[in-house]
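Shown below: query-v3.txt, with compact mmCIF, C-alpha atoms.
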```
# COMPACT_ATOMS: atom_id res chain seq x y z
CA MET Z 1 111.97 123.05 104.78
CA SER Z 2 110.49 119.88 106.11
CA GLY Z 3 110.79 117.90 102.87
CA GLN Z 4 109.03 114.96 104.47
CA VAL Z 5 105.79 115.55 102.64
CA ALA Z 6 107.39 114.95 99.28
CA GLU Z 7 109.06 111.64 100.15
CA PRO Z 8 107.76 108.71 98.15
CA THR Z 9 105.61 106.23 99.96
CA PRO Z 10 107.50 103.17 101.22
CA GLN Z 11 104.80 100.88 99.88
CA SER Z 12 106.32 99.63 96.67
CA GLN Z 13 103.60 97.17 95.72
CA THR Z 14 100.96 99.81 95.19
CA GLU Z 15 99.33 97.93 92.32
CA LEU Z 16 98.79 94.87 94.50
CA LYS Z 17 96.94 96.69 97.25
CA THR Z 18 93.67 95.05 98.16
CA VAL Z 19 90.70 96.89 96.74
CA LYS Z 20 88.74 98.74 99.45
CA CYS Z 21 85.90 99.95 97.24
CA VAL Z 22 84.39 98.84 93.93
CA VAL Z 23 82.62 101.62 92.04
CA TRP Z 24 79.96 100.40 89.61
CA ASP Z 25 78.53 101.89 86.47
CA LEU Z 26 74.82 101.05 86.09
CA ASP Z 27 73.63 100.91 82.44
CA ASN Z 28 75.01 97.88 80.63
CA THR Z 29 77.23 97.08 83.60
CA LEU Z 30 75.21 96.40 86.74
CA TRP Z 31 72.19 95.72 84.58
CA LYS Z 32 71.77 95.00 80.90
CA GLY Z 33 69.96 97.80 79.10
CA ILE Z 34 69.65 101.56 79.49
CA LEU Z 35 67.36 102.89 82.21
CA LEU Z 36 66.36 106.18 80.55
CA GLU Z 37 65.61 104.50 77.24
CA ASN Z 38 62.96 102.46 79.03
CA ASP Z 39 64.69 99.21 78.21
CA GLN Z 40 63.55 96.03 79.87
CA LEU Z 41 66.37 95.88 82.40
CA VAL Z 42 67.88 92.55 83.39
CA LEU Z 43 70.57 92.25 86.03
CA ALA Z 44 74.02 91.25 84.77
CA ASP Z 45 74.88 87.59 85.26
CA ASN Z 46 75.58 86.70 88.88
CA ILE Z 47 75.74 90.37 89.80
CA VAL Z 48 73.79 89.96 93.05
CA GLN Z 49 76.10 87.19 94.16
CA ILE Z 50 79.15 89.28 93.25
CA ILE Z 51 77.85 92.29 95.17
CA GLN Z 52 76.96 90.23 98.22
CA THR Z 53 80.28 88.38 98.21
CA LEU Z 54 82.28 91.61 97.99
CA ASP Z 55 80.17 92.97 100.83
CA GLU Z 56 80.90 89.93 103.00
CA ARG Z 57 84.59 90.38 102.27
CA GLY Z 58 84.40 93.88 103.69
CA ILE Z 59 84.98 95.52 100.31
CA LEU Z 60 82.82 98.63 100.08
CA GLN Z 61 80.83 99.49 96.97
CA SER Z 62 79.49 102.58 95.32
CA VAL Z 63 78.01 103.77 92.06
CA ALA Z 64 79.21 106.23 89.41
CA SER Z 65 76.54 106.55 86.76
CA ARG Z 66 75.52 109.26 84.33
CA ASN Z 67 71.83 109.00 84.87
CA ASP Z 68 68.81 110.61 86.39
CA HIS Z 69 69.48 110.36 90.10
CA ASP Z 70 65.97 109.65 91.34
CA ALA Z 71 65.07 107.19 88.60
CA ALA Z 72 68.29 105.22 89.13
CA MET Z 73 67.94 105.16 92.92
CA ASP Z 74 64.31 103.99 92.57
CA LYS Z 75 65.48 101.19 90.32
CA LEU Z 76 68.25 100.16 92.75
CA ARG Z 77 65.72 100.14 95.59
CA GLU Z 78 63.31 98.05 93.54
CA LEU Z 79 66.15 95.57 92.92
CA GLY Z 80 66.96 95.51 96.64
CA LEU Z 81 70.52 96.66 95.96
CA ASP Z 82 70.50 100.29 97.11
CA GLU Z 83 71.67 99.49 100.64
CA TYR Z 84 74.97 98.10 99.34
CA PHE Z 85 76.21 101.40 97.93
CA LEU Z 86 77.87 104.15 99.94
CA TYR Z 87 77.74 107.70 98.59
CA PRO Z 88 76.29 106.73 95.17
CA GLN Z 89 77.16 109.36 92.54
CA ILE Z 90 74.38 109.49 89.99
CA ASN Z 91 74.66 112.70 88.00
CA TRP Z 92 75.93 114.05 84.69
CA ASN Z 93 79.45 114.86 85.80
CA PRO Z 94 82.58 113.17 84.47
CA LYS Z 95 83.02 109.78 86.14
CA SER Z 96 86.45 110.78 87.37
CA ALA Z 97 84.80 113.50 89.45
CA SER Z 98 82.34 110.96 90.86
CA VAL Z 99 85.07 108.44 91.70
CA GLU Z 100 87.14 111.15 93.34
CA LYS Z 101 84.17 112.27 95.42
CA ILE Z 102 83.52 108.71 96.59
CA ALA Z 103 87.18 108.25 97.60
CA LYS Z 104 87.07 111.51 99.51
CA SER Z 105 83.76 110.75 101.23
CA ILE Z 106 84.87 107.30 102.36
CA ASN Z 107 88.33 108.71 103.10
CA ILE Z 108 90.36 106.07 101.25
CA GLY Z 109 93.17 106.31 98.71
CA LEU Z 110 92.43 106.27 94.99
CA ASP Z 111 94.84 103.36 94.66
CA THR Z 112 92.39 101.17 96.58
CA ILE Z 113 89.47 101.81 94.21
CA ALA Z 114 88.35 99.62 91.31
CA PHE Z 115 85.98 101.13 88.75
CA VAL Z 116 83.81 98.87 86.59
CA ASP Z 117 82.27 100.24 83.39
CA ASP Z 118 81.31 98.76 80.04
CA GLN Z 119 82.33 101.85 78.06
CA PRO Z 120 85.98 102.28 77.05
CA PHE Z 121 85.51 106.06 76.97
CA GLU Z 122 84.49 106.18 80.64
CA ARG Z 123 87.27 103.85 81.73
CA GLU Z 124 89.85 105.89 79.85
CA GLU Z 125 88.54 109.16 81.21
CA VAL Z 126 88.84 107.85 84.78
CA GLN Z 127 92.24 106.33 84.04
CA PHE Z 128 93.49 109.57 82.51
CA VAL Z 129 92.41 111.84 85.36
CA LEU Z 130 92.99 109.35 88.19
CA PRO Z 131 95.77 106.99 87.09
CA ALA Z 132 95.86 105.25 90.49
CA VAL Z 133 92.34 103.85 90.05
CA ARG Z 134 92.03 100.34 88.65
CA THR Z 135 89.53 100.19 85.78
CA LEU Z 136 87.74 96.99 84.79
CA ASP Z 137 85.64 96.15 81.77
CA VAL Z 138 82.28 94.50 82.32
CA THR Z 139 83.66 91.46 80.46
CA GLU Z 140 85.89 90.87 83.48
CA LEU Z 141 82.91 90.35 85.80
CA SER Z 142 83.05 86.56 85.67
CA THR Z 143 86.57 86.54 87.14
CA LEU Z 144 86.21 89.55 89.41
CA LEU Z 145 85.78 87.58 92.63
CA ASP Z 146 88.87 85.48 91.87
CA ARG Z 147 91.22 88.42 91.51
CA PRO Z 148 93.87 88.49 94.26
CA ASP Z 149 93.19 92.18 94.89
CA MET Z 150 89.53 91.36 95.62
CA ASN Z 151 90.49 88.81 98.25
CA PRO Z 152 91.57 90.38 101.54
CA ARG Z 153 93.86 88.08 103.42
CA PHE Z 154 91.56 87.75 106.39
CA LEU Z 155 87.87 88.09 106.92
CA THR Z 156 87.41 89.53 110.37
CA GLU Z 157 84.36 90.55 112.36
CA ASP Z 158 85.21 94.11 111.43
CA SER Z 159 85.36 93.42 107.71
CA LYS Z 160 81.93 91.78 107.65
CA LEU Z 161 80.44 94.77 109.46
CA ARG Z 162 82.40 97.36 107.51
CA ARG Z 163 79.57 98.65 105.33
CA GLN Z 164 77.22 98.96 108.29
CA MET Z 165 79.89 100.82 110.23
CA TYR Z 166 80.26 103.28 107.35
CA MET Z 167 76.47 103.62 107.18
CA SER Z 168 76.45 104.56 110.87
CA ASP Z 169 79.21 107.07 110.11
CA ILE Z 170 77.06 108.71 107.45
CA LYS Z 171 74.21 108.98 109.92
CA ARG Z 172 76.50 110.47 112.56
CA GLN Z 173 77.83 112.94 110.02
CA GLU Z 174 74.32 114.06 109.11
CA ILE Z 175 73.52 114.60 112.75
CA GLU Z 176 76.83 116.38 113.32
CA ASP Z 177 76.17 118.70 110.38
CA SER Z 178 72.79 119.67 111.78
CA PHE Z 179 74.06 119.95 115.36
CA GLY Z 180 74.02 123.51 116.64
CA GLY Z 181 76.48 123.33 119.54
CA SER Z 182 80.27 123.20 119.67
CA ASN Z 183 82.32 120.24 118.53
CA ASP Z 184 83.01 119.17 122.12
CA GLU Z 185 79.30 119.27 122.90
CA PHE Z 186 78.60 117.17 119.83
CA LEU Z 187 81.26 114.64 120.82
CA ALA Z 188 79.85 114.50 124.34
CA SER Z 189 76.38 113.79 122.93
CA LEU Z 190 77.70 110.62 121.25
CA ASN Z 191 78.30 108.81 124.59
CA MET Z 192 81.56 107.36 123.30
CA ARG Z 193 83.20 104.44 125.08
CA PHE Z 194 86.87 103.83 124.29
CA THR Z 195 88.46 100.57 125.41
CA ILE Z 196 92.12 99.62 125.56
CA ALA Z 197 93.16 96.02 126.20
CA PRO Z 198 96.07 93.67 125.56
CA ALA Z 199 95.47 91.98 122.18
CA GLN Z 200 94.04 88.48 122.52
CA GLU Z 201 94.48 85.68 120.04
CA ASP Z 202 91.17 86.41 118.35
CA ASP Z 203 92.21 90.05 117.84
CA LEU Z 204 95.27 89.15 115.78
CA GLN Z 205 93.67 88.92 112.36
CA ARG Z 206 92.15 92.34 112.87
CA ALA Z 207 95.48 93.60 114.22
CA GLU Z 208 97.27 92.42 111.09
CA GLU Z 209 94.54 93.93 108.94
CA LEU Z 210 94.96 97.28 110.71
CA THR Z 211 98.71 97.32 110.07
CA VAL Z 212 98.10 96.71 106.37
CA ARG Z 213 95.08 98.96 105.84
CA THR Z 214 96.02 102.01 107.88
CA ASN Z 215 98.12 104.63 106.12
CA GLN Z 216 97.32 108.09 107.37
CA LEU Z 217 97.21 107.70 111.12
CA ASN Z 218 100.18 105.37 111.29
CA THR Z 219 103.47 106.32 112.92
CA THR Z 220 105.80 103.88 111.17
CA GLY Z 221 103.87 101.82 108.64
CA TYR Z 222 105.60 98.67 109.90
CA THR Z 223 103.46 95.68 109.02
CA TYR Z 224 103.41 92.52 111.10
CA GLY Z 225 102.13 89.08 110.18
CA TYR Z 226 99.81 86.98 112.29
CA GLU Z 227 102.57 84.75 113.75
CA GLU Z 228 104.76 87.72 114.60
CA LEU Z 229 101.89 89.43 116.37
CA ASP Z 230 101.04 86.23 118.23
CA PHE Z 231 104.64 86.02 119.42
CA LEU Z 232 104.82 89.69 120.35
CA ARG Z 233 101.59 89.66 122.34
CA GLN Z 234 103.02 86.90 124.57
CA SER Z 235 106.54 88.30 124.75
CA PRO Z 236 107.48 89.68 128.18
CA ASP Z 237 109.47 92.43 126.43
CA HIS Z 238 106.54 93.78 124.44
CA LYS Z 239 103.07 95.12 124.87
CA LEU Z 240 100.55 94.77 122.09
CA LEU Z 241 97.43 96.80 122.84
CA ILE Z 242 94.27 97.03 120.79
CA ALA Z 243 91.65 99.75 121.13
CA GLY Z 244 87.95 99.73 120.37
CA LEU Z 245 85.31 102.41 120.16
CA GLU Z 246 81.53 102.46 120.34
CA ASP Z 247 78.93 105.15 120.72
CA LYS Z 248 75.18 105.44 120.87
CA TYR Z 249 74.88 104.66 117.16
CA GLY Z 250 76.78 101.40 117.39
CA THR Z 251 80.29 100.04 117.31
CA TYR Z 252 83.22 101.28 115.25
CA GLY Z 253 84.96 97.95 115.92
CA LYS Z 254 88.61 97.65 116.79
CA ILE Z 255 90.16 100.86 115.53
CA GLY Z 256 93.54 101.32 117.18
CA LEU Z 257 96.70 99.32 117.73
CA THR Z 258 100.05 99.91 119.36
CA LEU Z 259 103.18 97.84 119.82
CA ILE Z 260 105.59 98.85 122.56
CA GLU Z 261 109.04 97.38 123.08
CA CYS Z 262 109.71 97.41 126.82
CA GLY Z 263 113.38 97.72 127.70
CA PRO Z 264 114.61 98.07 131.28
CA GLU Z 265 115.11 101.83 131.03
CA VAL Z 266 113.38 102.85 127.84
CA TRP Z 267 110.11 101.83 126.29
CA THR Z 268 109.82 102.34 122.54
CA ILE Z 269 106.57 102.68 120.62
CA LYS Z 270 107.28 100.71 117.45
CA LEU Z 271 103.87 101.18 115.99
CA LEU Z 272 100.87 103.32 116.78
CA LEU Z 273 97.93 103.52 114.46
CA MET Z 274 94.29 104.52 114.39
CA SER Z 275 91.70 103.80 111.74
CA CYS Z 276 90.92 106.91 109.70
CA ARG Z 277 87.22 106.32 110.43
CA VAL Z 278 87.70 107.77 113.90
CA MET Z 279 89.80 110.72 112.75
CA SER Z 280 87.22 113.33 113.70
CA ARG Z 281 86.28 111.73 117.01
CA GLY Z 282 89.20 113.08 119.03
CA VAL Z 283 90.06 109.69 120.51
CA GLY Z 284 93.38 108.82 118.86
CA THR Z 285 95.40 110.65 121.44
CA ILE Z 286 93.82 108.69 124.30
CA LEU Z 287 96.01 105.75 123.37
CA ILE Z 288 99.11 107.99 123.41
CA GLY Z 289 98.10 109.38 126.81
CA HIS Z 290 97.59 105.86 128.15
CA ILE Z 291 101.05 104.72 127.01
CA MET Z 292 102.58 107.83 128.63
CA ASN Z 293 100.84 106.98 131.91
CA MET Z 294 102.07 103.39 131.79
CA ALA Z 295 105.66 104.46 131.11
CA ARG Z 296 105.59 106.95 133.96
CA GLU Z 297 104.27 104.29 136.34
CA ALA Z 298 106.99 101.88 135.20
CA GLY Z 299 109.61 104.56 135.81
CA VAL Z 300 111.04 104.40 132.29
CA LYS Z 301 111.65 106.87 129.49
CA LEU Z 302 109.28 106.70 126.57
CA HIS Z 303 110.57 106.83 123.03
CA SER Z 304 108.70 106.44 119.79
CA GLU Z 305 109.95 105.52 116.37
CA PHE Z 306 108.50 107.42 113.46
CA VAL Z 307 108.90 106.91 109.72
CA SER Z 308 107.79 109.89 107.63
CA ASN Z 309 105.96 109.31 104.39
CA ASP Z 310 103.68 111.37 102.20
CA ARG Z 311 100.57 110.45 104.14
CA ASN Z 312 101.29 110.35 107.84
CA ARG Z 313 102.19 113.97 108.60
CA MET Z 314 99.11 114.14 110.83
CA MET Z 315 100.71 111.63 113.18
CA TYR Z 316 103.93 113.64 113.25
CA ILE Z 317 101.99 116.73 114.24
CA THR Z 318 100.03 114.75 116.82
CA TYR Z 319 103.22 113.61 118.52
CA LYS Z 320 104.77 117.07 118.45
CA PHE Z 321 101.62 118.76 119.72
CA ASN Z 322 101.40 116.27 122.56
CA GLY Z 323 104.84 117.11 123.86
CA PHE Z 324 107.09 114.59 122.07
CA LYS Z 325 110.50 115.94 121.06
CA GLU Z 326 112.81 114.66 118.35
CA VAL Z 327 115.93 113.08 119.84
CA SER Z 328 117.31 111.81 116.56
CA SER Z 329 116.36 112.18 112.93
CA ASP Z 330 117.79 111.56 109.49
CA GLY Z 331 114.89 113.44 107.95
CA LYS Z 332 112.83 110.32 107.39
CA ASN Z 333 113.45 108.04 110.36
CA ILE Z 334 112.83 109.90 113.57
CA VAL Z 335 113.00 108.95 117.24
CA PHE Z 336 110.86 110.94 119.64
CA GLU Z 337 111.02 111.20 123.40
CA ALA Z 338 107.90 111.95 125.42
CA ASP Z 339 107.74 114.51 128.19
CA LEU Z 340 106.30 112.38 131.01
CA ASP Z 341 106.10 115.33 133.38
CA ARG Z 342 103.37 116.81 131.26
CA ILE Z 343 100.80 114.16 130.45
CA PRO Z 344 97.58 115.72 129.24
CA PRO Z 345 94.35 114.28 130.70
CA PHE Z 346 91.86 112.27 128.67
CA PRO Z 347 89.13 114.33 127.03
CA ALA Z 348 86.02 114.63 129.16
CA TYR Z 349 83.66 113.57 126.37
CA VAL Z 350 84.86 109.95 126.24
CA ASP Z 351 84.40 107.19 128.75
CA VAL Z 352 87.75 105.35 128.78
CA SER Z 353 88.01 101.80 130.06
CA ILE Z 354 91.38 100.09 130.39
CA GLN Z 355 91.86 96.37 130.85
CA SER Z 356 95.23 95.02 131.88
CA MET N 1 95.94 143.05 112.52
CA GLU N 2 95.10 141.39 109.23
CA THR N 3 96.92 138.18 110.25
CA LYS N 4 95.20 137.91 113.61
CA ALA N 5 91.80 138.53 112.05
CA LYS N 6 92.29 135.63 109.63
CA ILE N 7 93.38 133.32 112.44
CA ARG N 8 90.47 134.39 114.61
CA GLN N 9 88.10 133.68 111.76
CA PHE N 10 89.50 130.14 111.45
CA PHE N 11 88.98 129.50 115.15
CA GLU N 12 85.49 130.92 115.03
CA ARG N 13 84.62 128.50 112.26
CA SER N 14 86.28 125.42 113.71
CA LEU N 15 85.79 125.90 117.43
CA GLN N 16 82.55 127.88 117.30
CA ARG N 17 84.04 130.42 119.67
CA THR N 18 83.46 134.06 118.92
CA ASP N 19 84.96 135.49 122.09
CA LEU N 20 88.45 134.00 121.93
CA PRO N 21 91.07 136.33 123.48
CA ASP N 22 94.30 136.67 121.47
CA ASP N 23 96.38 135.17 124.25
CA GLU N 24 94.12 132.29 125.29
CA ASN N 25 95.81 128.88 125.07
CA ILE N 26 93.45 126.80 122.98
CA PHE N 27 95.20 123.57 123.93
CA ALA N 28 95.29 124.14 127.67
CA ALA N 29 92.39 121.82 128.29
CA GLY N 30 93.99 118.51 127.34
CA LEU N 31 95.10 116.17 124.63
CA VAL N 32 95.27 117.66 121.17
CA ASN N 33 92.97 116.04 118.67
CA SER N 34 94.98 114.91 115.63
CA LEU N 35 92.51 116.14 113.08
CA PHE N 36 92.22 119.61 114.57
CA ALA N 37 96.00 119.93 114.88
CA MET N 38 96.42 118.96 111.24
CA GLN N 39 93.67 121.30 110.07
CA LEU N 40 95.22 124.13 111.99
CA VAL N 41 98.69 123.58 110.52
CA LEU N 42 97.30 123.20 106.99
CA PHE N 43 95.21 126.34 107.43
CA VAL N 44 98.21 128.39 108.54
CA GLU N 45 100.38 127.05 105.71
CA SER N 46 97.87 127.59 102.95
CA GLU N 47 96.52 130.91 104.25
CA PHE N 48 99.94 132.49 104.70
CA GLY N 49 101.83 130.61 102.02
CA PHE N 50 104.74 128.88 103.74
CA SER N 51 105.51 125.36 104.81
CA THR N 52 106.30 124.73 108.44
CA ASP N 53 109.68 123.17 109.28
CA ASN N 54 109.61 120.25 111.68
CA ASP N 55 111.42 122.49 114.17
CA ASP N 56 108.58 124.99 114.04
CA LEU N 57 105.90 122.32 114.44
CA VAL N 58 105.64 122.66 118.20
CA ILE N 59 102.54 123.34 120.14
CA ASP N 60 103.82 126.62 121.55
CA ASN N 61 103.84 128.10 118.04
CA PHE N 62 100.17 127.21 117.55
CA SER N 63 98.67 127.54 120.99
CA SER N 64 97.03 130.97 120.69
CA ILE N 65 96.15 133.63 118.16
CA ASN N 66 99.18 135.64 119.30
CA ALA N 67 101.51 132.64 119.01
CA ILE N 68 100.41 131.82 115.49
CA ALA N 69 100.61 135.44 114.41
CA SER N 70 104.18 135.73 115.61
CA LEU N 71 105.09 132.47 113.84
CA VAL N 72 103.58 133.87 110.64
CA ASP N 73 105.48 137.15 111.01
CA ARG N 74 108.72 135.29 111.62
CA LYS N 75 108.23 132.97 108.64
CA LEU N 76 107.31 135.79 106.31
CA GLY N 77 110.16 137.94 107.56
CA VAL N 78 107.97 140.70 108.92
CA THR N 79 109.54 142.64 111.75
CA ALA N 80 107.12 143.84 114.34
```

Written as structure tokens, that's how I'd like the structure from this file.
Amino acid sequence: MSGQVAEPTPQSQTELKTVKCVVWDLDNTLWKGILLENDQLVLADNIVQIIQTLDERGILQSVASRNDHDAAMDKLRELGLDEYFLYPQINWNPKSASVEKIAKSINIGLDTIAFVDDQPFEREEVQFVLPAVRTLDVTELSTLLDRPDMNPRFLTEDSKLRRQMYMSDIKRQEIEDSFGGSNDEFLASLNMRFTIAPAQEDDLQRAEELTVRTNQLNTTGYTYGYEELDFLRQSPDHKLLIAGLEDKYGTYGKIGLTLIECGPEVWTIKLLLMSCRVMSRGVGTILIGHIMNMAREAGVKLHSEFVSNDRNRMMYITYKFNGFKEVSSDGKNIVFEADLDRIPPFPAYVDVSIQS
Amino acid sequence: METKAKIRQFFERSLQRTDLPDDENIFAAGLVNSLFAMQLVLFVESEFGFSTDNDDLVIDNFSSINAIASLVDRKLGVTA
């Protein structure tokens, strides 16, 4: 048996993880009063500023409200707030179901979600069903922006655009769902451009952010600080490459990162990660293919370190299915070797541009 | 027969191919998309009720309807 799926995650400070999405209740939380009782609704103190600040910090937001969907959405539109919320869940279901649906739709872990609701019953229900979710009372609003878990370490170009990038994703998904042809034909219709380049100084904040935020498509989970990355990008014994993606709907930002240790006979991939936002785009393996090409040109063997955890099995399968073989393993820490005689070509539906 | 029909149904849904021969290598064309690879492995595991050892997680075991069917038979101890 593989056993690797059941291993505990190496991230021990789960409770300190930066919040990726705040899920708001509406009645008596976002606004004072109850919509369906025709109350004169007044926005909660400073709520617009809180929502806008979270948005600028790249923290996504959504809604879980037991309400009439159309009436509540009309109200949010009237208040000019509707555009801030991804996948709003306004229905009569338990809030835990709504929160879970939001996490699934955005594709983030429940331990990165904070749920704000004035009612103890709702908070407890969410807490009971989804213990990883942080629940906050509306009385905590005044200090919400000061919480360490609401302050990502860096604000990058990508974080400021995050909501818009997710909005574009939703639009793409709608088009994909209604697209009649095959998946490859759909991907080809996106006119994707994938770029790979050595990380520059102004990429480093984003690079650090990627090492911290990316769990699923991450080979080792090693995190590196800004100074370390700045050293490594200039080190003659390392390559630090960053990848970006855009398509006809806009940019996905910088979505991939790899760190390669270049020895005289063996190169070792210390880290290879891709943002989960591009999971269904079929581009993650382009970076692997590029590294294989570089190693073959340099006349070296290519190894890759891998640390199994309960979330990154997809990366394990990706390596194995792209011809990497285990050369050593203690069950958790694995070293792979690539087969450089069999390097698969890049997919035809992406335009790949490589800067050196 | 039953096993191959289930696998073919999965490919029909995910690849939108209805005419896939049992021995066609679905990965012959190039790099294997991570998401599809994962979906395929999870489908096989949940449909046939076993978990795949790391040693069995190689592309040759998943590259065609025939290959997957023989992996399933082997894991479930069915002799052909």

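Among the candidate residues Z:Ala295, Z:Leu161, Z:Val283, Z:Ile34, the one lying nearest to chain N is Z:Val283, with distances computed using all atoms listed in the file.
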
Per residue of chain N within 12 Å of chain Z, which atom pair is closest and at what distance in Å (one decimal), using all atoms listed in the file, listed by chain and increasing number, as a Markdown table?
```
| residue | atom | partner | partner_atom | distance |
| --- | --- | --- | --- | --- |
| N:Phe11 | CA | Z:Ser182 | CA | 11.7 |
| N:Glu12 | CA | Z:Ser182 | CA | 10.4 |
| N:Arg13 | CA | Z:Ser182 | CA | 10.1 |
| N:Ser14 | CA | Z:Asn183 | CA | 8.1 |
| N:Leu15 | CA | Z:Ser182 | CA | 6.5 |
| N:Gln16 | CA | Z:Ser182 | CA | 5.7 |
| N:Arg17 | CA | Z:Ser182 | CA | 8.1 |
| N:Thr18 | CA | Z:Ser182 | CA | 11.3 |
| N:Ile26 | CA | Z:Phe321 | CA | 11.9 |
| N:Phe27 | CA | Z:Phe321 | CA | 9.1 |
| N:Ala28 | CA | Z:Pro344 | CA | 8.9 |
| N:Ala29 | CA | Z:Pro344 | CA | 8.1 |
| N:Gly30 | CA | Z:Pro344 | CA | 4.9 |
| N:Leu31 | CA | Z:Pro344 | CA | 5.3 |
| N:Val32 | CA | Z:Asn322 | CA | 6.4 |
| N:Asn33 | CA | Z:Gly282 | CA | 4.8 |
| N:Ser34 | CA | Z:Thr318 | CA | 5.2 |
| N:Leu35 | CA | Z:Ser280 | CA | 6.0 |
| N:Phe36 | CA | Z:Ser280 | CA | 8.1 |
| N:Ala37 | CA | Z:Ile317 | CA | 6.8 |
| N:Met38 | CA | Z:Met314 | CA | 5.5 |
| N:Gln39 | CA | Z:Met314 | CA | 9.0 |
| N:Leu40 | CA | Z:Ile317 | CA | 10.3 |
| N:Val41 | CA | Z:Ile317 | CA | 8.5 |
| N:Leu42 | CA | Z:Met314 | CA | 10.0 |
| N:Phe50 | CA | Z:Met1 | CA | 9.3 |
| N:Ser51 | CA | Z:Met1 | CA | 6.9 |
| N:Thr52 | CA | Z:Ser2 | CA | 6.8 |
| N:Asp53 | CA | Z:Ser2 | CA | 4.6 |
| N:Asn54 | CA | Z:Ser2 | CA | 5.7 |
| N:Asp55 | CA | Z:Ser2 | CA | 8.5 |
| N:Asp56 | CA | Z:Ser2 | CA | 9.6 |
| N:Leu57 | CA | Z:Lys320 | CA | 6.7 |
| N:Val58 | CA | Z:Lys320 | CA | 5.7 |
| N:Ile59 | CA | Z:Phe321 | CA | 4.7 |
| N:Asp60 | CA | Z:Phe321 | CA | 8.4 |
| N:Asn61 | CA | Z:Phe321 | CA | 9.7 |
| N:Phe62 | CA | Z:Phe321 | CA | 8.8 |
| N:Ser63 | CA | Z:Phe321 | CA | 9.3 |
| N:Lys75 | CA | Z:Met1 | CA | 11.3 |
```

Can you write out the residues you just picked, keeping C-alpha atoms, as an mmCIF file, in the frame of the given file?
```cif
data_model
loop_
_atom_site.group_PDB
_atom_site.id
_atom_site.type_symbol
_atom_site.label_atom_id
_atom_site.label_comp_id
_atom_site.auth_asym_id
_atom_site.auth_seq_id
_atom_site.Cartn_x
_atom_site.Cartn_y
_atom_site.Cartn_z
ATOM 1 C CA PHE N 11 88.980 129.500 115.150
ATOM 2 C CA GLU N 12 85.490 130.920 115.030
ATOM 3 C CA ARG N 13 84.620 128.500 112.260
ATOM 4 C CA SER N 14 86.280 125.420 113.710
ATOM 5 C CA LEU N 15 85.790 125.900 117.430
ATOM 6 C CA GLN N 16 82.550 127.880 117.300
ATOM 7 C CA ARG N 17 84.040 130.420 119.670
ATOM 8 C CA THR N 18 83.460 134.060 118.920
ATOM 9 C CA ILE N 26 93.450 126.800 122.980
ATOM 10 C CA PHE N 27 95.200 123.570 123.930
ATOM 11 C CA ALA N 28 95.290 124.140 127.670
ATOM 12 C CA ALA N 29 92.390 121.820 128.290
ATOM 13 C CA GLY N 30 93.990 118.510 127.340
ATOM 14 C CA LEU N 31 95.100 116.170 124.630
ATOM 15 C CA VAL N 32 95.270 117.660 121.170
ATOM 16 C CA ASN N 33 92.970 116.040 118.670
ATOM 17 C CA SER N 34 94.980 114.910 115.630
ATOM 18 C CA LEU N 35 92.510 116.140 113.080
ATOM 19 C CA PHE N 36 92.220 119.610 114.570
ATOM 20 C CA ALA N 37 96.000 119.930 114.880
ATOM 21 C CA MET N 38 96.420 118.960 111.240
ATOM 22 C CA GLN N 39 93.670 121.300 110.070
ATOM 23 C CA LEU N 40 95.220 124.130 111.990
ATOM 24 C CA VAL N 41 98.690 123.580 110.520
ATOM 25 C CA LEU N 42 97.300 123.200 106.990
ATOM 26 C CA PHE N 50 104.740 128.880 103.740
ATOM 27 C CA SER N 51 105.510 125.360 104.810
ATOM 28 C CA THR N 52 106.300 124.730 108.440
ATOM 29 C CA ASP N 53 109.680 123.170 109.280
ATOM 30 C CA ASN N 54 109.610 120.250 111.680
ATOM 31 C CA ASP N 55 111.420 122.490 114.170
ATOM 32 C CA ASP N 56 108.580 124.990 114.040
ATOM 33 C CA LEU N 57 105.900 122.320 114.440
ATOM 34 C CA VAL N 58 105.640 122.660 118.200
ATOM 35 C CA ILE N 59 102.540 123.340 120.140
ATOM 36 C CA ASP N 60 103.820 126.620 121.550
ATOM 37 C CA ASN N 61 103.840 128.100 118.040
ATOM 38 C CA PHE N 62 100.170 127.210 117.550
ATOM 39 C CA SER N 63 98.670 127.540 120.990
ATOM 40 C CA LYS N 75 108.230 132.970 108.640
#
```

Query raised in the report: If you count only C-alpha atoms, which residues fall within 7 Å of range 48-52 of chain Z, apart from same-chain ones fewer than 3 positions away, as an NGL selection string?
Result: :Z and (55-56 or 145)

Requested in this report: Identify, on the basis of all atoms listed in the file, every residue whose closest approach to Ile65 in chain N does not exceed 9 Å; exclude the query and any residue fewer than 5 positions from it along the same chain; express the result as an MDAnalysis selection string.
Outcome: chainID N and resid 4:5 7:8 11 20:26 70

Query raised in the report: Can you tell me how far CA of Leu136 in chain Z sits from CA of Asp117 in chain Z, in Å to one decimal?
Result: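 These two atoms are separated by 6.5 Å.
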
Query raised in the report: Rounded to one decimal in Å, what is the spacing between CA of Ile196 in chain Z and CA of Ala243 in chain Z?
Result: 4.5 Å

Report task. Would you work out the distance separating CA of Asp158 in chain Z from CA of Lys20 in chain Z, expressed in Å to one decimal? Result ->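 Computing the Euclidean distance for CA of Asp158 in chain Z and CA of Lys20 in chain Z yields 13.3 Å.
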
Query raised in the report: Contacts of range 259-264 of chain Z at 10 Å or less, counting only C-alpha atoms, minus same-chain residues fewer than 6 places along, as a list in words?
Result: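 So, after excluding close chain neighbours, the residues are Ala199, Leu229, Leu232, Arg233, Ser235, Pro236, Asp237, His238, Lys239, Leu240, Leu241, Ile242, Lys270, Leu271, Leu272, Leu273, Ile291, Ala295, Ala298, Gly299, Val300, Lys301, Leu302, His303 and Ser304 of chain Z.
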